[in-house]
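Student: Questions regarding the structure given below will be posed in turn.
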Amino acid sequence: GGGGDMGEMDATLASRLRMQWWRDAVAEMYKDEGDDGNDKPFEPSSAGFLSQTYSASRKHNPIVRELTRASEEVNLTRRFLDRMIDAREHDLDVSQYDTMRDLVHYGEATSSSQIYLALECCNVREGNADGVASRIGASVGIITALRSLVYRANFGEIAIPAEIITKHDVPAQFLLNPPDRFNGSELSPQEEVANEALKAAVREMTHLAGAYLSEARKMQGGVPKEGRSALLPAVGALSYLTKLNSVGYDLFHEDLIAQDGLSSRLGRLGNTFSLTRAWLTGVF
């Protein structure tokens with residue numbers, strides 16, 4: 001109804017204001033710099049009064065303060081920060097990506113950019129490390145889409161690209177209004193067919209994410225040891241892929257959705273162990 005539409009408009013506006021807040025924060029960080037031709041001089045946003053109002057909050061924001069400190073110490077590349085903001089803002093208008101290439105591009109623009117910046121914080125700037133970061137980010141982007149499917153369906157969004165949905169003949173309604181399988185009721189024959197189609201779609205996406213991580217694993221030995229900690233996002237990605245495989249690629253499986261069950265707690269414990277091992281050994 002109208003109230004729902006207004007609520008969505010308010011949420012979108014708030015998200016766009018948040019993106020502009022970050023744009024202005026990054027611009028202020030680099031207002032005195034123009035080191036690589038990609039950095040732009042600081043220009044207040046078109047909503048100048050908002051920029052002035054939020055200026056103090058940016059200066060006191062702990063994340064902005066740490067980013068500023070890191071940038072001063074290691075000269076963080078601004079285009080990675082701008083790229084993340086651009087991708088996130090574009091994503092506000094996307095209810096479903098058309099292709100896997102689009103989804104992978106989003107993962108590279110967001111997750112890979114974060115890892116590039118983390119590598120720079122470790123004083124690592126070289127091609128092989130960037131190649132590993134690119135592949136991890138692409139995988140994380142795919143996995144994030146899978147993990148968000150149930151949540152995004154509540155807003156009428158489909159996290160699986162249209163080409164995958166079409167290829168495996170997954171009914172959109174099955175994703176947007178999935179059956180409640182936790183009340184003891186059985187799936188209807190039609191729902192069983194749709195469920196198997198969805199599993200096939202998830203399996204294809206999972207295999208692609210796994211292929212990216214496999215390539216990153218093969219290349220990680222060439223990353224300088226001081227930069228290995230920047231690659232830790234791969235650990236969580238591998239953990240989720242393992243769990244998804246164990247439940248037969250069923251995104252609605254209770255072990256994936258429940259947060260307080262024994263399986264979920266054991267999974268978090270195992271992930272903590274894997275993170276610790278990767279941190280100590282430098283290998284994920």
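Note on naming: chains are A, B, ... as they come in the structure tokens, residues start from 1 per chain, ligands start from 1 in the order shown.
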Might you pull out every residue within 10 Å of range 203-205 of chain A, with only C-alpha atoms counted and same-chain residues fewer than 2 positions away left off, and present them as a ChimeraX atom specification?
Tutor: /A:100,139,142-143,145-146,160-161,164,168,197-201,207-211,241,244-245,248-250
Student: So that I can check the secondary structure, give me every residue of range 91-189 of chain A assigned helix (DSSP H, G or I) by backbone DSSP, as a PyMOL selection string.
Tutor: chain A and resi 91+100-121+127-147+149-153+162-167+172-176+189
Student: Using only C-alpha atoms, which protein or nucleic acid residues come within 10 Å of Glu191 in chain A? Drop anything in the same chain fewer than 6 positions from it, and give the result as a PyMOL selection string.
Tutor: chain A and resi 171+174+178-179+197
Student: As an exercise, work out the distance from CA of Tyr240 in chain A to CA of Asp255 in chain A in Å and give it to one decimal place.
Tutor: 11.2 Å
Student: Env of Glu73 in chain A: 9 Å cut, atoms = only C-alpha atoms, seq-sep filter 4 positions within chain, self excluded. Answer as a list in words.
Tutor: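 The neighbour list is Thr68, Arg69 and Cys121 of chain A.
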Student: Find the residues near range 270-275 of chain A: any atom within 9 Å, counting only C-alpha atoms, skip ones fewer than 4 places away on the same chain, and give them as a PDB file with N, CA, C and O atoms, in the first residue's frame.
Tutor:
ATOM      1  N   LEU A 232      42.238 -12.379   5.182  1.00  0.00           N
ATOM      2  CA  LEU A 232      41.389 -13.158   6.086  1.00  0.00           C
ATOM      3  C   LEU A 232      39.916 -13.245   5.681  1.00  0.00           C
ATOM      4  O   LEU A 232      39.248 -14.205   6.072  1.00  0.00           O
ATOM      5  N   PRO A 233      39.357 -12.288   4.917  1.00  0.00           N
ATOM      6  CA  PRO A 233      37.961 -12.474   4.482  1.00  0.00           C
ATOM      7  C   PRO A 233      37.731 -13.783   3.737  1.00  0.00           C
ATOM      8  O   PRO A 233      36.603 -14.283   3.691  1.00  0.00           O
ATOM      9  N   VAL A 235      38.631 -16.643   4.690  1.00  0.00           N
ATOM     10  CA  VAL A 235      38.339 -17.705   5.659  1.00  0.00           C
ATOM     11  C   VAL A 235      36.829 -17.831   5.873  1.00  0.00           C
ATOM     12  O   VAL A 235      36.269 -18.940   5.838  1.00  0.00           O
ATOM     13  N   GLY A 236      36.162 -16.711   6.104  1.00  0.00           N
ATOM     14  CA  GLY A 236      34.717 -16.749   6.293  1.00  0.00           C
ATOM     15  C   GLY A 236      33.997 -17.229   5.048  1.00  0.00           C
ATOM     16  O   GLY A 236      32.993 -17.944   5.132  1.00  0.00           O
ATOM     17  N   SER A 239      34.356 -20.970   4.837  1.00  0.00           N
ATOM     18  CA  SER A 239      33.535 -21.591   5.870  1.00  0.00           C
ATOM     19  C   SER A 239      32.078 -21.685   5.419  1.00  0.00           C
ATOM     20  O   SER A 239      31.424 -22.725   5.592  1.00  0.00           O
ATOM     21  N   ARG A 265      26.274 -22.530  16.550  1.00  0.00           N
ATOM     22  CA  ARG A 265      27.323 -22.197  17.521  1.00  0.00           C
ATOM     23  C   ARG A 265      28.618 -22.936  17.209  1.00  0.00           C
ATOM     24  O   ARG A 265      29.717 -22.371  17.304  1.00  0.00           O
ATOM     25  N   LEU A 266      28.499 -24.201  16.816  1.00  0.00           N
ATOM     26  CA  LEU A 266      29.691 -24.968  16.447  1.00  0.00           C
ATOM     27  C   LEU A 266      30.339 -24.390  15.191  1.00  0.00           C
ATOM     28  O   LEU A 266      31.572 -24.373  15.075  1.00  0.00           O
ATOM     29  N   TRP A 279      45.540 -16.587  10.666  1.00  0.00           N
ATOM     30  CA  TRP A 279      46.279 -15.435  11.198  1.00  0.00           C
ATOM     31  C   TRP A 279      47.703 -15.849  11.586  1.00  0.00           C
ATOM     32  O   TRP A 279      48.680 -15.150  11.306  1.00  0.00           O
ATOM     33  N   LEU A 280      47.817 -16.996  12.238  1.00  0.00           N
ATOM     34  CA  LEU A 280      49.131 -17.442  12.741  1.00  0.00           C
ATOM     35  C   LEU A 280      50.024 -17.987  11.620  1.00  0.00           C
ATOM     36  O   LEU A 280      51.242 -17.779  11.641  1.00  0.00           O
ATOM     37  N   PHE A 284      45.327 -19.400   4.209  1.00  0.00           N
ATOM     38  CA  PHE A 284      43.911 -19.693   4.439  1.00  0.00           C
ATOM     39  C   PHE A 284      43.502 -20.964   3.728  1.00  0.00           C
ATOM     40  O   PHE A 284      44.218 -21.505   2.906  1.00  0.00           O
TER      41      PHE A 284
END
Student: Using only C-alpha atoms, which residues sit within 12 Å of Glu72 in chain A once same-chain residues fewer than 6 positions away are excluded, as an NGL selection string?
Tutor: :A and (29-30 or 32-33 or 65-66 or 78 or 120-121)
Student: Take the residues just selected and output them with N, CA, C and O atoms as a PDB file, in the first residue's frame.
Tutor:
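Printed below is part.pdb as written:
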ATOM      1  N   MET A  29      38.934  14.036   3.452  1.00  0.00           N
ATOM      2  CA  MET A  29      40.205  13.367   3.748  1.00  0.00           C
ATOM      3  C   MET A  29      41.280  13.736   2.732  1.00  0.00           C
ATOM      4  O   MET A  29      42.460  13.840   3.073  1.00  0.00           O
ATOM      5  N   TYR A  30      40.867  13.939   1.475  1.00  0.00           N
ATOM      6  CA  TYR A  30      41.828  14.168   0.400  1.00  0.00           C
ATOM      7  C   TYR A  30      41.775  15.593  -0.138  1.00  0.00           C
ATOM      8  O   TYR A  30      42.255  15.855  -1.237  1.00  0.00           O
ATOM      9  N   ASP A  32      43.399  18.206   0.394  1.00  0.00           N
ATOM     10  CA  ASP A  32      44.671  18.884   0.135  1.00  0.00           C
ATOM     11  C   ASP A  32      45.592  18.060  -0.749  1.00  0.00           C
ATOM     12  O   ASP A  32      46.773  18.364  -0.879  1.00  0.00           O
ATOM     13  N   GLU A  33      45.044  16.970  -1.344  1.00  0.00           N
ATOM     14  CA  GLU A  33      45.898  16.072  -2.106  1.00  0.00           C
ATOM     15  C   GLU A  33      45.407  15.911  -3.529  1.00  0.00           C
ATOM     16  O   GLU A  33      44.240  16.056  -3.831  1.00  0.00           O
ATOM     17  N   ARG A  65      38.031   8.747  11.337  1.00  0.00           N
ATOM     18  CA  ARG A  65      39.293   9.141  11.979  1.00  0.00           C
ATOM     19  C   ARG A  65      40.387   8.123  11.705  1.00  0.00           C
ATOM     20  O   ARG A  65      41.534   8.489  11.421  1.00  0.00           O
ATOM     21  N   GLU A  66      40.044   6.847  11.775  1.00  0.00           N
ATOM     22  CA  GLU A  66      41.047   5.807  11.513  1.00  0.00           C
ATOM     23  C   GLU A  66      41.436   5.770  10.041  1.00  0.00           C
ATOM     24  O   GLU A  66      42.603   5.542   9.702  1.00  0.00           O
ATOM     25  N   ARG A  78      42.690   6.751  -3.040  1.00  0.00           N
ATOM     26  CA  ARG A  78      41.333   7.265  -2.911  1.00  0.00           C
ATOM     27  C   ARG A  78      40.343   6.543  -3.824  1.00  0.00           C
ATOM     28  O   ARG A  78      39.183   6.338  -3.450  1.00  0.00           O
ATOM     29  N   GLU A 120      47.282  -2.190   1.406  1.00  0.00           N
ATOM     30  CA  GLU A 120      48.047  -0.946   1.469  1.00  0.00           C
ATOM     31  C   GLU A 120      48.390  -0.589   2.908  1.00  0.00           C
ATOM     32  O   GLU A 120      49.485  -0.070   3.186  1.00  0.00           O
ATOM     33  N   CYS A 121      47.471  -0.881   3.827  1.00  0.00           N
ATOM     34  CA  CYS A 121      47.755  -0.640   5.249  1.00  0.00           C
ATOM     35  C   CYS A 121      48.909  -1.518   5.743  1.00  0.00           C
ATOM     36  O   CYS A 121      49.575  -1.187   6.723  1.00  0.00           O
TER      37      CYS A 121
END
Student: Closest to Leu67 in chain A among A:Ser15, A:Ser55, A:Ser246, A:Gln114, using only C-alpha atoms?
Tutor: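 Nearest candidate to Leu67 in chain A out of A:Ser15, A:Ser55, A:Ser246, A:Gln114: A:Gln114.
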Student: At a cut-off of 12 Å, using only C-alpha atoms, what residues contact His90 in chain A? Leave out same-chain residues fewer than 3 positions from it and give the result as a PyMOL selection string.
Tutor: chain A and resi 12+15-16+19+83-87+93-97+102+105-106+109-110
